[in-house]
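Structure, as structure tokens:
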Protein chains: 4
Amino acid sequence: MRLDLNADVGESYGAWTLGNDAAVLNVVTSANVACGFHAGDPLTLRRTCRYAAERGVVVGAQVAYRDLVGFGRRFMDVPPDELAADVIYQLGALSATAQVEGTRVVYVKPHGALYNAVVHHEGQARAVIDAVVAVDRSLPVLGLPGSLVLELAADAGLRPVTEAFADRAYTPEGRLVPRTEPGAVLRDPAMVAARVVRLAREGVVTAVDGTDVEVRAESVCIHGDTPGAVVMARAVRAALEEAGVEIRPFVG
Amino acid sequence: MRLDLNADVGESYGAWTLGNDAAVLNVVTSANVACGFHAGDPLTLRRTCRYAAERGVVVGAQVAYRDLVGFGRRFMDVPPDELAADVIYQLGALSATAQVEGTRVVYVKPHGALYNAVVHHEGQARAVIDAVVAVDRSLPVLGLPGSLVLELAADAGLRPVTEAFADRAYTPEGRLVPRTEPGAVLRDPAMVAARVVRLAREGVVTAVDGTDVEVRAESVCIHGDTPGAVVMARAVRAALEEAGVEIRPFVG
Amino acid sequence: MRLDLNADVGESYGAWTLGNDAAVLNVVTSANVACGFHAGDPLTLRRTCRYAAERGVVVGAQVAYRDLVGFGRRFMDVPPDELAADVIYQLGALSATAQVEGTRVVYVKPHGALYNAVVHHEGQARAVIDAVVAVDRSLPVLGLPGSLVLELAADAGLRPVTEAFADRAYTPEGRLVPRTEPGAVLRDPAMVAARVVRLAREGVVTAVDGTDVEVRAESVCIHGDTPGAVVMARAVRAALEEAGVEIRPFVG
Amino acid sequence: MRLDLNADVGESYGAWTLGNDAAVLNVVTSANVACGFHAGDPLTLRRTCRYAAERGVVVGAQVAYRDLVGFGRRFMDVPPDELAADVIYQLGALSATAQVEGTRVVYVKPHGALYNAVVHHEGQARAVIDAVVAVDRSLPVLGLPGSLVLELAADAGLRPVTEAFADRAYTPEGRLVPRTEPGAVLRDPAMVAARVVRLAREGVVTAVDGTDVEVRAESVCIHGDTPGAVVMARAVRAALEEAGVEIRPFVG
């Protein structure tokens with residue numbers, strides 16, 4: 001029984017601070033570091049890589065659409081050749097930054113609207129995979145179970161890594177309840193922690209209709225962008241440790 | 001007798017085209033490729049690296065201030081830690097892009113107002129050198145003879161490489177005549193070509209007052225951003241070849 | 001018989017020049033001036049407004065998605081409240097710029113992917129109309145015949161203005177042949193000019209299948225971004241003048 | 001005895017929140033609203049103008065260098081014609097936004113590094129004044145006592161308005177103690193409030209050497225970007241009210 005915990009970090013930008021990276025990097029084992037397109041100025045990225053390196057948290061590239069004002073959360077119909085070049089650019093920028101801080105980029109996770117697009121959008125999913133293949137075939141891709149991007153990753157010889165979401169409700173079919181529906185986001189740390197423990201030990205979560213649904217995930221995504229999120233993240237980690245689940249990166 | 005010819009390329013951006021990269025890459029031996037901060041979208045960078053690789057032209061990183069609308073030509077008082085992170089970010093982004101096209105970044109040349117600033121601005125010159133040292137100590141830095149950035153490069157164990165400007169007039173002290181003065185920019189291809197040949201063979205150019213002045217340069221910067229510039233670049237190369245000067249990269 | 005000719009101008013950005021605004025402003029009666037989000041730095045906008053004012057060409061705001069690198073040509077799923085605020089911002093920025101050059105913004109034309117989106121995307125079409133209503137109800141909106149944005153404009157009490165495209169082929173149903181199909185873009189100036197004359201005089205164009213199709217348009221969009229485009233624009237204007245069609249702005 | 005209180009607001013950007021605008025707009029009489037170049041996305045500007053209008057707080061344009069990542073705090077050597085166009089663009093964008101929320105821009109205050117530059121940089125100071133004159137001669141300019149920009153404003157027939165800083169120490173010559181020196185920024189709300197009251201009633205503050213120095217200011221700048229800043233702002237306002245100082249905008 002083992003599990004990776006991942007979270008988005010490095011999402012401050014210049015004078016604007018977002019999230020509590022120091023706190024969240026004390027909890028997770030994998031850090032999805034922004035790459036400057038949706039968030040993360042170069043100095044923030046450097047500091048974030050340093051903190052991750054100091055704590056032994058592995059670094060992944062959180063690649064995104066080039067949309068600062070929208071924080072990468074708005075779908076953009078970027079042609080595949082442009083998107084592939086964008087991903088290569090971001091991967092390289094973060095890799096050099098990680099390297100000067102004594103660590104390196106060891107996986108890729110698309111961010112925001114790109115994350116959602118590559119679940120089904122073939123041109124964009126393929127562009128992301130093409131970019132990763134071109135840069136470094138040893139980099140796993142983190143994504144939603146059943147997503148097209150993970151299927152294409154496997155086809156291309158990359159390692160697909162599935163993730164679950166600690167604070168999200170699931171349908172009986174094992175999909176995320178859309179954020180627009182009531183109850184989609186869970187707020188009780190103890191309950192969330194218990195769900196993650198069950199996921200790690202049994203590979204199931206309780207769906208919104210009360211039935212058990214199988215959710216296979218090598219990593220669980222947690223948040224650190226609010227004080228409450230950090231409290232929840234700590235609760236999840238403590239519960240996993242108490243349950244004897246080994247918490248370690250899915251890479252290396 | 002040997003000389004490197006370098007030029008700025010990869011400076012288009014999205015729908016905006018600048019320069020004739022295909023033509024200029026047939027003439028030069030070193031390509032100063034933009035890194036996205038003053039010019040150069042990721043897809044343009046990728047294409048430019050591919051063209052350079054196909055022609056055996058080596059790739060350098062043309063790092064710049066983050067100022068698209070000003071094309072990096074306006075001094076920005078960027079604090080050293082921010083500037084160093086900016087340089088690392090740009091170096092990494094271009095390196096990954098070069099690598100996927102079968103080449104790599106082998107030197108660094110600051111662009112525009114940053115180029116001018118690091119002639120004398122200690123904080124910014126040191127930031128550039130710190131960044132290069134952190135990323136890869138094997139990367140030479142291209143700059144103006146006598147500039148602080150080259151002095152700091154040498155102190156840090158980097159290789160400083162001096163350059164001359166084919167189409168610029170020199171003072172009797174060996175400095176560039178400021179662009180604001182009449183006669184600062186030379187327009188006659190034959191005359192410019194003859195000057196570059198003399199520079200290569202004798203290490204001197206004729207200054208504005210008619211005297212000879214020593215100019216030691218391992219590389220000569222030429223332009224390709226206008227049809228006339230490409231004509232001049234070809235004239236320079238042809239004259240050097242005719243004079244038996246070996247035209248090859250200063251690196252490798 | 002009268003017709004307006006409109007064209008996109010002000011689309012240079014800093015060091016990057018696009019189109020021949022001086023030439024095109026000698027041909028058209030309405031200038032769709034970029035507003036800085038997809039193209040057009042503030043100094044370019046100012047110069048463009050000055051040239052337009054000098055030539056008696058009226059100024060419209062070419063509002064767009066905030067996407068410089070994509071030139072506003074990539075659909076962005078911008079929420080309506082953000083898009084409305086973006087349109088208000090752009091309208092105001094161009095209005096002040098026009099005013100200091102002795103002219104003013106008298107209509108609105110969405111640009112690129114936004115133009116295409118508001119043909120059918122209700123949230124975005126409504127956001128554009130809401131913004132125009134909030135800023136100035138006297139501003140007409142220029143768009144594709146049959147588009148949702150023009151329908152909503154009319155519902156809101158704005159004046160909808162239809163346009164045709166000089167160099168585009170039409171289906172027998174009066175729609176534009178998609179650019180991806182062969183023959184979608186017409187290249188022969190004489191033929192294009194004859195089509196525009198017929199459009200002005202009879203309200204019909206010859207569709208791709210040879211039949212006549214009714215196209216009602218108060219304005220015809222021409223291009224000026226290539227030397228060939230300027231030649232075609234002049235041919236269109238000359239043919240209209242020769243045919244006795246009055247060429248004047250649809251506004252005022 | 002009357003005084004205006006001004007503060008910077010509207011400086012959030014997309015997903016990034018900065019300051020507590022709702023709280024600070026309950027305290028001040030003049031709101032320096034960002035214009036999108038250093039901070040402030042269009043939707044944030046719209047909301048900020050709405051809040052200001054609801055509270056009867058007048059709106060000024062906080063014009064800045066185009067430098068999001070540097071928050072406008074890094075000097076940029078922008079040529080005067082570009083800077084003037086930038087100011088016109090920002091003024092127009094905010095004016096339209098204010099107008100749709102039932103208010104309007106009634107003064108101009110340069111932000112950050114531009115604020116400091118126009119104290120002495122003639123080209124940039126003149127560019128700001130030229131822009132304001134071109135847009136609307138009725139707009140006062142808010143600045144540092146003794147600054148060149150206020151002198152040029154007066155020469156151009158604009159109304160110059162001087163401001164003091166509530167939480168800053170002054171030299172015996174009436175200048176601000178540089179932030180790099182110890183004691184430059186005052187942190188005790190009660191002490192700061194007492195200083196502002198004395199400034200309003202007597203036109204003097206106690207300098208760092210204990211002597212009284214005359215500081216003539218029509219407005220006092222306070223901050224709202226931290227919880228402590230809001231506490232201090234409220235203390236200042238309460239003390240002024242208790243002392244019988246009329247707190248009202250310097251405009252209108």
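Ligands are numbered from 1 in the order shown, residues from 1 within each chain, and chains are lettered A, B, ... in the order they appear in the structure tokens.
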
Closest-contact table, chain A side, partner chain D, 8 Å, counting only C-alpha atoms, as a Markdown table:
| residue | atom | partner | partner_atom | distance |
| --- | --- | --- | --- | --- |
| A:Ser12 | CA | D:Trp16 | CA | 7.9 |
| A:Tyr13 | CA | D:Val69 | CA | 6.4 |
| A:Gly14 | CA | D:Val69 | CA | 4.7 |
| A:Ala15 | CA | D:Phe71 | CA | 6.2 |
| A:Trp16 | CA | D:Trp16 | CA | 5.9 |
| A:Thr17 | CA | D:Trp16 | CA | 7.0 |
| A:Leu18 | CA | D:Trp16 | CA | 6.6 |
| A:Asp41 | CA | D:Val69 | CA | 6.9 |
| A:Leu68 | CA | D:Gly14 | CA | 7.5 |
| A:Val69 | CA | D:Gly14 | CA | 4.7 |
| A:Gly70 | CA | D:Gly14 | CA | 5.9 |
| A:Phe71 | CA | D:Ala15 | CA | 6.2 |

How would the residues just picked look written out with C-alpha atoms as a CSV table (one decimal), in the first residue's frame?
chain,number,residue,atom,x,y,z
A,12,SER,CA,2.4,33.2,-7.4
A,13,TYR,CA,3.3,35.9,-9.9
A,14,GLY,CA,5.4,38.9,-9.2
A,15,ALA,CA,3.7,40.9,-6.4
A,16,TRP,CA,0.8,38.5,-6.3
A,17,THR,CA,1.0,35.6,-3.9
A,18,LEU,CA,-1.2,32.5,-4.3
A,41,ASP,CA,7.3,34.1,-12.7
A,68,LEU,CA,-2.2,34.7,-17.2
A,69,VAL,CA,-5.3,36.7,-16.7
A,70,GLY,CA,-7.5,33.6,-17.0
A,71,PHE,CA,-5.0,31.5,-14.9

- Item | Within 7 Å of Phe250 of chain A using only C-alpha atoms, minus same-chain residues under 2 positions, as a ChimeraX atom specification | /A:4,218,248,252

Segment 6-8 of chain A: which residues within 6 Å, counting only C-alpha atoms, same-chain residues fewer than 5 positions away excluded, as an mmCIF file with N, CA, C and O atoms, in the first residue's frame?
data_model
loop_
_atom_site.group_PDB
_atom_site.id
_atom_site.type_symbol
_atom_site.label_atom_id
_atom_site.label_comp_id
_atom_site.auth_asym_id
_atom_site.auth_seq_id
_atom_site.Cartn_x
_atom_site.Cartn_y
_atom_site.Cartn_z
ATOM 1 N N VAL A 28 3.107 17.188 0.635
ATOM 2 C CA VAL A 28 3.040 16.349 -0.569
ATOM 3 C C VAL A 28 4.380 15.686 -0.879
ATOM 4 O O VAL A 28 5.428 16.026 -0.306
ATOM 5 N N SER A 30 4.908 15.046 -4.450
ATOM 6 C CA SER A 30 5.127 15.498 -5.829
ATOM 7 C C SER A 30 4.577 16.908 -5.983
ATOM 8 O O SER A 30 3.431 17.166 -5.626
ATOM 9 N N ALA A 31 5.393 17.799 -6.547
ATOM 10 C CA ALA A 31 5.008 19.202 -6.693
ATOM 11 C C ALA A 31 4.786 19.516 -8.163
ATOM 12 O O ALA A 31 5.725 19.448 -8.965
ATOM 13 N N ASN A 32 3.553 19.868 -8.509
ATOM 14 C CA ASN A 32 3.238 20.316 -9.861
ATOM 15 C C ASN A 32 3.598 21.800 -9.940
ATOM 16 O O ASN A 32 2.818 22.648 -9.532
ATOM 17 N N CYS A 221 -4.486 14.163 -5.739
ATOM 18 C CA CYS A 221 -4.256 15.602 -5.826
ATOM 19 C C CYS A 221 -4.901 16.310 -4.640
ATOM 20 O O CYS A 221 -6.093 16.113 -4.375
ATOM 21 N N ILE A 222 -4.101 17.110 -3.936
ATOM 22 C CA ILE A 222 -4.651 17.907 -2.844
ATOM 23 C C ILE A 222 -4.348 19.381 -3.114
ATOM 24 O O ILE A 222 -3.593 19.715 -4.028
ATOM 25 N N HIS A 223 -4.952 20.249 -2.337
ATOM 26 C CA HIS A 223 -4.809 21.680 -2.590
ATOM 27 C C HIS A 223 -4.125 22.386 -1.433
ATOM 28 O O HIS A 223 -4.128 21.891 -0.309
#

- Message: Please list as a PyMOL selection string every residue within 10 Å of Ala229 of chain D, counting only C-alpha atoms and excluding residues in the same chain fewer than 3 positions away.
- Response: chain D and resi 19-20+24+167+187+189+222-226+232-235

Would you list the contacts of segment 139-147 of chain D as a PDB file with N, CA, C and O atoms, in the first residue's frame, taking every protein, DNA or RNA residue within 6 Å and counting only C-alpha atoms, but skipping same-chain residues closer than 4 positions in sequence?
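The file below, part_35.pdb, is the result:
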ATOM      1  N   VAL D 106     -11.571  61.249 -12.455  1.00  0.00           N
ATOM      2  CA  VAL D 106     -11.489  62.684 -12.206  1.00  0.00           C
ATOM      3  C   VAL D 106     -10.076  63.165 -11.860  1.00  0.00           C
ATOM      4  O   VAL D 106      -9.886  64.361 -11.611  1.00  0.00           O
ATOM      5  N   TYR D 107      -9.133  62.266 -11.805  1.00  0.00           N
ATOM      6  CA  TYR D 107      -7.741  62.694 -11.630  1.00  0.00           C
ATOM      7  C   TYR D 107      -6.800  61.590 -12.086  1.00  0.00           C
ATOM      8  O   TYR D 107      -7.254  60.480 -12.420  1.00  0.00           O
ATOM      9  N   VAL D 108      -5.511  61.919 -12.123  1.00  0.00           N
ATOM     10  CA  VAL D 108      -4.484  60.974 -12.586  1.00  0.00           C
ATOM     11  C   VAL D 108      -3.381  60.897 -11.545  1.00  0.00           C
ATOM     12  O   VAL D 108      -2.929  61.934 -11.031  1.00  0.00           O
ATOM     13  N   LYS D 109      -2.949  59.673 -11.225  1.00  0.00           N
ATOM     14  CA  LYS D 109      -1.805  59.490 -10.341  1.00  0.00           C
ATOM     15  C   LYS D 109      -0.870  58.436 -10.924  1.00  0.00           C
ATOM     16  O   LYS D 109      -1.258  57.271 -11.041  1.00  0.00           O
ATOM     17  N   VAL D 119       9.270  62.428 -10.868  1.00  0.00           N
ATOM     18  CA  VAL D 119       9.748  63.437  -9.911  1.00  0.00           C
ATOM     19  C   VAL D 119      10.876  64.254 -10.544  1.00  0.00           C
ATOM     20  O   VAL D 119      11.002  65.451 -10.289  1.00  0.00           O
ATOM     21  N   LEU D 158      -2.806  72.429 -15.974  1.00  0.00           N
ATOM     22  CA  LEU D 158      -3.481  71.398 -15.177  1.00  0.00           C
ATOM     23  C   LEU D 158      -3.356  71.761 -13.703  1.00  0.00           C
ATOM     24  O   LEU D 158      -2.460  72.505 -13.305  1.00  0.00           O
ATOM     25  N   ARG D 159      -4.233  71.187 -12.899  1.00  0.00           N
ATOM     26  CA  ARG D 159      -4.145  71.424 -11.467  1.00  0.00           C
ATOM     27  C   ARG D 159      -3.219  70.405 -10.822  1.00  0.00           C
ATOM     28  O   ARG D 159      -3.490  69.211 -10.862  1.00  0.00           O
ATOM     29  N   PRO D 160      -2.103  70.860 -10.229  1.00  0.00           N
ATOM     30  CA  PRO D 160      -1.233  69.921  -9.511  1.00  0.00           C
ATOM     31  C   PRO D 160      -1.751  69.736  -8.088  1.00  0.00           C
ATOM     32  O   PRO D 160      -2.130  70.705  -7.438  1.00  0.00           O
ATOM     33  N   VAL D 161      -1.761  68.507  -7.633  1.00  0.00           N
ATOM     34  CA  VAL D 161      -2.223  68.210  -6.274  1.00  0.00           C
ATOM     35  C   VAL D 161      -1.109  67.470  -5.541  1.00  0.00           C
ATOM     36  O   VAL D 161      -0.625  66.443  -6.008  1.00  0.00           O
ATOM     37  N   THR D 162      -0.708  67.998  -4.396  1.00  0.00           N
ATOM     38  CA  THR D 162       0.381  67.373  -3.638  1.00  0.00           C
ATOM     39  C   THR D 162      -0.165  66.352  -2.647  1.00  0.00           C
ATOM     40  O   THR D 162      -1.256  66.486  -2.118  1.00  0.00           O
ATOM     41  N   GLU D 163       0.659  65.349  -2.399  1.00  0.00           N
ATOM     42  CA  GLU D 163       0.233  64.355  -1.428  1.00  0.00           C
ATOM     43  C   GLU D 163       1.362  64.058  -0.431  1.00  0.00           C
ATOM     44  O   GLU D 163       2.547  64.233  -0.735  1.00  0.00           O
TER      45      GLU D 163
END

- Which parts of segment 178-243 of chain C does DSSP call strand (DSSP E or B) when run on the backbone here, written out as a VMD selection string? chain C and resid 185 204 to 206 212 to 214 219 to 221

Please dump the current selection as a PDB file, in the first residue's frame; keep C-alpha atoms.
ATOM      1  CA  VAL C 185     -10.355  32.647 -51.179  1.00  0.00           C
ATOM      2  CA  VAL C 204     -26.285  39.184 -55.314  1.00  0.00           C
ATOM      3  CA  VAL C 205     -23.049  37.273 -55.787  1.00  0.00           C
ATOM      4  CA  THR C 206     -22.325  34.201 -57.868  1.00  0.00           C
ATOM      5  CA  ASP C 212     -26.850  33.621 -57.945  1.00  0.00           C
ATOM      6  CA  VAL C 213     -27.299  34.094 -54.245  1.00  0.00           C
ATOM      7  CA  GLU C 214     -28.658  37.126 -52.458  1.00  0.00           C
ATOM      8  CA  SER C 219     -20.269  47.131 -45.944  1.00  0.00           C
ATOM      9  CA  VAL C 220     -17.675  45.030 -47.718  1.00  0.00           C
ATOM     10  CA  CYS C 221     -14.556  43.896 -45.929  1.00  0.00           C
TER      11      CYS C 221
END

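The coordinates place atom CA of Val251 of chain C at 17.4 Å from atom CA of Glu54 of chain C.
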